[in-house]
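> Okay, here's the structure, questions in a sec.
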Protein chains: 2
Amino acid sequence: MALTSEKIQFTLKLLVHYERQEAGPLSSPFAYSVKLAECGSKHLALYLAVREAITEGRLAPGERLPSTRKLASLYGLSRGSASVAYEMLTAEGFVQAGIGQGTFVAGNDVIGGRPDWADSTGTLKKESVPQAAPALTKWAHRLLAAEADRESMLPERVAKLSEATVSFVPEGVGSEWFPWSEWKAEVASQWKLLGETGRVGLEKEGCHELRQAIAERLRKERGIACEARQVVITSGSMQAIVLLTQLLLEEGKTAIVENPCYTGIRLAVRATGARAVAQPVDASGITIDDWDAGLLFVTPTRHFPTGVVLSYERRRALLTWAARHNAWIIEDDYDSDFRWGGRPIEPLKSLDKEGRVVYVGTFSRSMGAGVRIGYAVLPDELIVPFSVAKGLYDPHPTGIAEQQALASWMSGGGYDRYMRRMRRTFGKLERKLRSGIEEMIGQLFEVVPSDAGLHLYAKWKLDDNSYELLVKECAARGVMWKDGAVYSCAEEAGNVQPPGKSAIFGFAHLNETSIDKGVLTIRDAAARLGWLNIDHAQGGTAHA
Amino acid sequence: MALTSEKIQFTLKLLVHYERQEAGPLSSPFAYSVKLAECGSKHLALYLAVREAITEGRLAPGERLPSTRKLASLYGLSRGSASVAYEMLTAEGFVQAGIGQGTFVAGNDVIGGRPDWADSTGTLKKESVPQAAPALTKWAHRLLAAEADRESMLPERVAKLSEATVSFVPEGVGSEWFPWSEWKAEVASQWKLLGETGRVGLEKEGCHELRQAIAERLRKERGIACEARQVVITSGSMQAIVLLTQLLLEEGKTAIVENPCYTGIRLAVRATGARAVAQPVDASGITIDDWDAGLLFVTPTRHFPTGVVLSYERRRALLTWAARHNAWIIEDDYDSDFRWGGRPIEPLKSLDKEGRVVYVGTFSRSMGAGVRIGYAVLPDELIVPFSVAKGLYDPHPTGIAEQQALASWMSGGGYDRYMRRMRRTFGKLERKLRSGIEEMIGQLFEVVPSDAGLHLYAKWKLDDNSYELLVKECAARGVMWKDGAVYSCAEEAGNVQPPGKSAIFGFAHLNETSIDKGVLTIRDAAARLGWLNIDHAQGGTAHA
């Protein structure tokens, strides 16, 4: 029995007339046809239509509804469908059914009292409506303010990233370099195991085999004496950083950060309601002071983003400071796996005899941002607090198949083989980029010496206006990089003048051809601006 | 050239003698052989041995180190390996090299000053060492206290879950019922796409296709008028609940929770430093009051854990209360997809005209706890705050392949087909369990009426001591269930007496055979305790 809109309108009028024993209104009390078109299910459409008629007051409390038999014949439904709709309405308390008495719109005599500030339909009395939007917490306001500040530091977007010919904006390891087929086979076989055993890995600290593999790797490769029980897996290093900040940094207190500094750390500190004090970084890393603070964030192996290494004496001084002030140190070892020339540098954590250093690592740098696996290596007294904090947000571990795949890949030697290949590959790309910048645009940029990581940090040698001109000129040619300004902590450093412009050139998602092309384009743009002595007709080889 | 431990000890003594021009100590300053055995790499072993000698004071600042040539001949290393070790030490600032002058242990004249509270070796002066362990924040203490309270509510563990013959402790959907091969194929094909396109899905709000699929499903199946932009994917419903609590509930303020209540909600509230007020739940859901509070948590579709449905009048009253107090409501719709008999119940969110309700859902219930995908449907003004909060912890979405697989499975109709099958399957299991309890042990347990979800909630009819006796008697026979006490909010309800014992019987991980076996075992245990009139010799059929 086909239903047309006209027929429904007509039968609804009849229905209303029949039930109310008076002339029906022009508009039907039930928007059945609309609901039917929306949801495609007859019983659900009837349920929605009746419910809306009740909530919008077109059917009053106590009013009698048509029987399921009448509904069925009028709407072309089965009686079963009509009954299901009524059962739904009854279960939710919209209507009430008395045995042999029919079905009625629920009144105010149903179970549960009516508050005295609501009128007889349960609707709020007008005069008591507050106008303000519901409030957000101080935490929310702090976080939103910090995020807004972060966004305000982003340079004006002169071109879309997706339209770039060559983008040096770091993207981590490119799909060209990561052994996807090998990794996919590992994940696939773990997915298979999950299905065969029904195993879902319910330890909130993460997959035990992965915690073991990480501890073993840290012992062998980085000199950190740790056990699997001290390693807790997170969904990335940022989750570890935020949870640690919540655990260790009280509102109103002070945390020391490096200047410049990774944005995420500054967001974490500000959200907590603590004050970040930004300490300058020189050629030996963060400069030392006798800070009155309880927490310090540091990237000793390779300062982010400049890449300088923290000297041994300063490492000792940081540990001494932490002992004196009974403070915590969070060591963010974000991409130290990529060092050129076989020279791994030992983490601060390996010098930590008193258990004041939390070591945070990640696989998102070495394997691509899509792999959301980070970890924290915790002093004994923080294992339980951190696990409980992690479990508050994630009672079960995330990405368990990937965690198990990584454990398997590491213990089978695949990760180490990949690392060795990548050290060669990225070492080559890094030399290509470094020499390209020095030879082609060395008048404009000074590359900060470093021998690790997946990007180069370069200081701008000319004035700020010239930098902006070059950014625009390059963007017009489809070449861009990351502006270093986003990492400078002007506010936390007492609004001292930022130390001039800087640029971050990522290379791990590029290859030698695109690096060449990008650097040449920057040189050509600079030449167009008249800063380099290049013979344009010949494509340019000389520079002043 | 093979190295033996003896030879190393000998050459080390020689080395020390040679360098210091005095008799070497009995123990070598370099633990090279130990390090070599530990790490298997010659250059790394040399690096570690020299570093340890410096940090432990066996080599003093300014002391001259052997040349790489001497090291090479003494240790059986290549000169290259020795150079690499020195380069590592130099990069970290442990040693300093002067051209043509040799290599020296770094002194205090290196870059960076020495704080006046450290002695000449950079070690903390003894008198200034504080004894206390570094402090945790109030947030940490609140969270740990809440977690400790939660654990104290857990009943004494009388048997290991893994040793149970039949465990009714809810585990979500069992692997017997979930279409693993279909789901794995979806995930596998998404993994393939990830590899082919290098796409890693960097929107922190989650995979756009999944947000669209969820919005569409909520519109069609649940009557929630929402768009993809309002849906933010989380790693589970708990992540959404905690983030919303941080955004919406100020320290020192009050949140209303149901009594009994999901443990995670109480943890989230207590961590924030707010007060939870637990409001009794009766046969029509949470009872209504004119609370002075800014946030309310409610499970209207199916109260957790009892399963009662919140009446329509009370739904209206909650919305009216929220408007009057300018408050937020978090609706936790945790397993409403599983209703028996084709009667979906519409969420509170669908009545919310003012945007005061945040709807939280999850796929971990319907697909198994290993699938870490939840979501929040947000009023417009909360989309940005929630996204920023989520992005603080997870700057990139987790489990992107699974998110895309779920989007594909939903839009292809696979999820709906699974739901339809499971409604039949679990409906059958639920009836089996319900009738089993009522017929076999109806003198002991009263099942609370409900028509959805993956567990039954049953009130204990006898005294508390008898309950404990039965728990032990059943555990000895390998049968257990979840104690309802863990969800009662005695403290938040002003320490009123808890309303007697209760039990939670999950069934979605079982089948008809194991359900039968479990219920029969409980009956036999009760009979052994002399509570049921059963003829044991015949296996028992009659009950009093």
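A note on labels: chains of the structure tokens are A, B, ... as shown, every chain counts residues from 1, and ligands are counted from 1 in their shown order.
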So which residues touch A:Gly361 within 10 Å, counting only C-alpha atoms, skipping near sequence neighbours fewer than 2 positions away, as a ChimeraX atom specification?

/A:214,233-234,236-238,240-241,331-337,358-359,363-365,373-377

> Name all residues at most 12 Å from A:Val166 (count only C-alpha atoms; drop same-chain ones fewer than 4 positions away) and give them as a PyMOL selection string.

chain A and resi 159-162+170+474-481+505-507+509-522

> With only C-alpha atoms as the atoms that count, which of A:Lys192, A:Lys472, A:His208, A:Lys70 lies nearest to A:Ala525?

A:Lys472

> Between atom CA of A:Ile504 and atom CA of A:Arg523, what is the spacing in Å?

16.4 Å

> Let me make sure I understand: among A:Thr245, A:Ser83, A:Gln190, A:Ser311, which one has the smallest atom-to-atom distance to chain B if we use only C-alpha atoms?

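The closest residue to chain B is A:Ser311.
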
> List as an mmCIF file with C-alpha atoms, in the first residue's frame the protein and nucleic acid residues near stretch 215-229 of chain A, meaning an atom at most 6 Å away when only C-alpha atoms are counted, but skip any in the same chain fewer than 3 places from it.


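Everything below was put into around-v1.cif:
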```cif
data_model
loop_
_atom_site.group_PDB
_atom_site.id
_atom_site.type_symbol
_atom_site.label_atom_id
_atom_site.label_comp_id
_atom_site.auth_asym_id
_atom_site.auth_seq_id
_atom_site.Cartn_x
_atom_site.Cartn_y
_atom_site.Cartn_z
ATOM 1 C CA ARG A 211 57.417 -1.974 27.066
ATOM 2 C CA GLN A 212 60.053 -4.691 27.251
ATOM 3 C CA GLU A 346 73.389 9.491 25.815
ATOM 4 C CA SER A 350 71.319 8.006 32.021
ATOM 5 C CA CYS B 39 76.224 -3.245 24.437
#
```

> Compile the contact shell of A:Ser284 as a list in words: residues with an atom at most 7 Å away, counting only C-alpha atoms, same-chain residues fewer than 5 positions apart removed.

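Counting only C-alpha atoms, the residues come to Val308, Val309, Leu310 and Ser311 of chain A; Ile111 of chain B.
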
> With only C-alpha atoms as the basis for distance, which of A:Val50, A:Ala276, A:Val84, A:Ala485 is at the shortest distance from chain B?

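Selected residue with least distance to chain B: A:Val84.
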
> Give me the residues near A:Ala458 as a list of chain:residue names, where near means some atom within 9 Å (using only C-alpha atoms) and where sequence neighbours in that chain fewer than 4 positions away do not count.

A:Thr306, A:Phe445, A:Glu446, A:Val447, A:Val448, A:Gly484, A:Lys501, A:Ser502, A:Ala503, A:Ile504, A:Phe505

> Could the residues in this selection be saved with C-alpha atoms as a PDB file, in the first residue's frame?


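Result written to part07.pdb:
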```
ATOM      1  CA  THR A 306      67.851  24.663  17.043  1.00  0.00           C
ATOM      2  CA  PHE A 445      70.719  32.006   6.164  1.00  0.00           C
ATOM      3  CA  GLU A 446      73.185  30.688   8.717  1.00  0.00           C
ATOM      4  CA  VAL A 447      72.614  27.031   9.468  1.00  0.00           C
ATOM      5  CA  VAL A 448      72.998  26.209  13.174  1.00  0.00           C
ATOM      6  CA  GLY A 484      60.970  29.748  13.639  1.00  0.00           C
ATOM      7  CA  LYS A 501      63.997  35.722  12.203  1.00  0.00           C
ATOM      8  CA  SER A 502      64.735  32.060  11.753  1.00  0.00           C
ATOM      9  CA  ALA A 503      63.596  29.246   9.505  1.00  0.00           C
ATOM     10  CA  ILE A 504      63.122  25.519   9.936  1.00  0.00           C
ATOM     11  CA  PHE A 505      63.821  23.323   6.930  1.00  0.00           C
TER      12      PHE A 505
END
```

> Which neighbours of stretch 173-185 of chain A fall inside 9 Å, counting only C-alpha atoms, when residues of the same chain fewer than 2 positions from it are skipped, and could you give them as a count of residues only?

34

> Apply DSSP to the structure's backbone, then extract all residues of stretch 176-313 of chain A labelled alpha helix (DSSP H) and return them as an NGL selection string.

:A and (180-197 or 208-222 or 237-248 or 263-272 or 312-313)

> Which residues, written as an MDAnalysis selection string, have at least one atom at most 8 Å from A:Pro280, with only C-alpha atoms counted and residues fewer than 4 positions away on the same chain left out?

chainID A and resid 258:260 286:287

> Quick check for you: according to DSSP on this backbone, which residues of stretch 300-527 of chain B are classed as strand (DSSP E or B)? Reply as a PyMOL selection string.

chain B and resi 328-332+339+357-362+374-377+445-447+452+455-460+479-480+482-483+502-506

> Go through B:Tyr86, B:Phe94, B:Phe30, B:Tyr262 one by one, measure the shortest atom-to-atom distance of each to A:Glu313 using only C-alpha atoms, and give the residue with the smallest value.

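With only C-alpha atoms as the atom set, the closest residue is B:Phe94.
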
> What is the atom CA of B:Ile330 to atom CA of B:Glu251 distance in Å?

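Calculated distance between atom CA of B:Ile330 and atom CA of B:Glu251 is 17.5 Å.
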